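The structure appears right after this line, and notes come after that.
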Amino acid sequence: MARRNFEDRTDRVFLRGIRGEYSLKEELRRLRSLPRVRRAEEIPFIDGPQEFSRHYLHPEDGLGQTLHLHVEEFAPGGKSQMHFHVNEAIFYILDGKGFELHDGVRYEWEAGDVAVVPNHTVHQHNNGDPQRPARALVMKAKPMFIFMNMLFQKTLIPRPKGPSPTGEGFVPREDE
């Protein structure tokens with residue numbers, strides 16, 4: 001009797017079946033009809049009071065198929081929730097200084113740096129300056145993970161509901 005190995009199987013399925021109506025021609029027509037420029041003044045900052053987000057390209061808006069792009073503004077001394085997700089995230093630091101906590105390890109950053117959050121990393125973003133805000137451009141391949149049904153994320157410590165000790169009354173900068 002010939003030995004049969006798992007690797008010899010030809011009927012293996014690597015991804016779940018994806019069913020539904022899909023026309024590449026129609027999808028391209030839809031994508032090409034969408035705006036090519038998004039104006040910052042047309043996209044409000046949301047969240048707060050320590051971390052605010054302006055989502056330029058979000059999975060829910062249907063403008064793109066592979067990227068999630070947003071700006072994060074941290075109030076003086078502000079921080080995000082502690083969380084993790086399957087997709088990685090890249091933070092290009094536009095201004096300010098602060099630090100990441102990744103799996104309990106502190107990583108300092110400042111304007112001009114890139115902070116990389118690897119997949120499955122428990123992390124939190126922190127503005128290290130109690131007097132000035134910090135801002136980052138964030139890029140993620142989150143829509144691809146949603147499409148592949150691989151999006152899993154969890155908040156371990158919720159986003160602060162009140163302002164940071166030195167960030168009372170802070171509002172995101174609209175003129176930058």
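The way I read the labels, and the way they are meant: chains A, B, ... in the order of the structure tokens, residue 1 as the first residue of every chain, and ligand 1 as the first ligand shown, with later ones counted on from there.
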
What are the closest atom pairs, with distances in Å to one decimal, for all residues of stretch 60-109 of chain A lying within 10 Å of stretch 24-42 of chain A? Consider only C-alpha atoms, order rows by chain and residue number, and present the result as CSV.
```
residue,atom,partner,partner_atom,distance
A:Gly62,CA,A:Leu31,CA,8.1
A:Leu63,CA,A:Leu31,CA,6.6
A:Gly64,CA,A:Leu31,CA,7.4
A:Gln65,CA,A:Leu31,CA,9.2
```

Self-check item: Backbone-only DSSP, strand (DSSP E) members of stretch 56-139 of chain A, as a ChimeraX atom specification
Solution: /A:56-57,68-74,82-85,89-95,97-102,105-110,114-117,123-127,134-139

Save out the residues we just selected, C-alpha atoms, as a tab-separated table (two decimals), in the first residue's frame.
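That gives us again30.tsv:
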```
chain	number	residue	atom	x	y	z
A	56	TYR	CA	-9.60	59.96	5.32
A	57	LEU	CA	-9.98	56.45	3.95
A	68	HIS	CA	-7.36	52.48	6.11
A	69	LEU	CA	-5.79	55.94	6.44
A	70	HIS	CA	-6.40	58.35	9.31
A	71	VAL	CA	-4.81	61.11	11.36
A	72	GLU	CA	-4.64	60.75	15.12
A	73	GLU	CA	-4.33	63.84	17.30
A	74	PHE	CA	-3.35	63.35	20.93
A	82	MET	CA	-4.95	49.65	25.31
A	83	HIS	CA	-5.91	47.19	22.60
A	84	PHE	CA	-4.75	44.71	19.99
A	85	HIS	CA	-5.78	43.69	16.49
A	89	ALA	CA	-0.43	49.59	11.84
A	90	ILE	CA	2.17	52.14	10.76
A	91	PHE	CA	2.26	55.53	12.54
A	92	TYR	CA	4.18	58.33	10.80
A	93	ILE	CA	4.69	60.94	13.52
A	94	LEU	CA	3.84	64.36	12.08
A	95	ASP	CA	4.55	66.39	15.20
A	97	LYS	CA	6.75	63.41	20.98
A	98	GLY	CA	5.48	60.42	22.86
A	99	PHE	CA	5.75	56.69	23.23
A	100	GLU	CA	4.19	53.37	22.43
A	101	LEU	CA	3.60	50.58	24.90
A	102	HIS	CA	3.89	47.26	23.02
A	105	VAL	CA	7.75	47.49	26.40
A	106	ARG	CA	8.06	51.28	25.99
A	107	TYR	CA	9.17	52.70	22.61
A	108	GLU	CA	9.84	56.46	22.40
A	109	TRP	CA	8.94	58.46	19.26
A	110	GLU	CA	9.07	62.05	17.99
A	114	VAL	CA	7.73	55.86	12.14
A	115	ALA	CA	6.21	53.65	14.83
A	116	VAL	CA	5.33	50.14	13.67
A	117	VAL	CA	2.69	48.16	15.55
A	123	HIS	CA	-0.45	48.29	22.50
A	124	GLN	CA	-1.27	51.83	23.58
A	125	HIS	CA	-0.30	55.18	22.01
A	126	ASN	CA	0.78	57.98	24.37
A	127	ASN	CA	1.59	61.66	24.00
A	134	ALA	CA	1.03	65.24	19.05
A	135	ARG	CA	-0.18	64.07	15.66
A	136	ALA	CA	0.37	60.94	13.56
A	137	LEU	CA	-0.68	59.70	10.13
A	138	VAL	CA	-1.80	56.07	10.49
A	139	MET	CA	-1.81	53.50	7.68
```

Exercise. Please provide the set of residues having any atom within 9 Å of stretch 167-172 of chain A, restricted to only C-alpha atoms, with same-chain residues fewer than 3 positions apart removed, written as an MDAnalysis selection string.
Key: chainID A and resid 45 48:53 73:78 130:133 162:164

Neighbouring residues of stretch 146-157 of chain A were defined as those with any atom within 10 Å, considering only C-alpha atoms; residues of the same chain fewer than 2 positions away were excluded. Please report them as an mmCIF file with C-alpha atoms, in the first residue's frame.
```cif
data_model
loop_
_atom_site.group_PDB
_atom_site.id
_atom_site.type_symbol
_atom_site.label_atom_id
_atom_site.label_comp_id
_atom_site.auth_asym_id
_atom_site.auth_seq_id
_atom_site.Cartn_x
_atom_site.Cartn_y
_atom_site.Cartn_z
ATOM 1 C CA LEU A 15 -9.589 30.023 2.185
ATOM 2 C CA ARG A 16 -13.273 29.995 2.906
ATOM 3 C CA ILE A 18 -16.595 33.604 -1.098
ATOM 4 C CA PRO A 59 -13.278 50.549 5.266
ATOM 5 C CA GLN A 65 -10.283 48.249 -0.994
ATOM 6 C CA THR A 66 -6.949 47.790 0.753
ATOM 7 C CA SER A 80 -5.404 55.844 23.546
ATOM 8 C CA GLN A 81 -7.127 52.731 24.768
ATOM 9 C CA MET A 82 -4.951 49.647 25.311
ATOM 10 C CA HIS A 83 -5.912 47.192 22.595
ATOM 11 C CA PHE A 84 -4.754 44.705 19.994
ATOM 12 C CA HIS A 85 -5.776 43.686 16.492
ATOM 13 C CA VAL A 86 -4.766 41.234 13.816
ATOM 14 C CA ASN A 87 -3.635 43.856 11.294
ATOM 15 C CA HIS A 120 -1.256 40.765 17.460
ATOM 16 C CA VAL A 122 -1.122 44.579 22.775
ATOM 17 C CA HIS A 123 -0.448 48.287 22.502
ATOM 18 C CA GLN A 124 -1.269 51.827 23.581
ATOM 19 C CA ALA A 141 -4.292 47.185 5.609
ATOM 20 C CA LYS A 142 -7.437 46.690 7.707
ATOM 21 C CA PRO A 143 -9.855 46.389 4.733
ATOM 22 C CA MET A 144 -7.906 43.386 3.433
ATOM 23 C CA ARG A 159 -10.255 54.863 25.914
ATOM 24 C CA PRO A 160 -10.165 57.464 28.712
#
```

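Computed from the coordinates, the atom CA of A:Asp129 to atom CA of A:Pro158 distance equals 21.2 Å.
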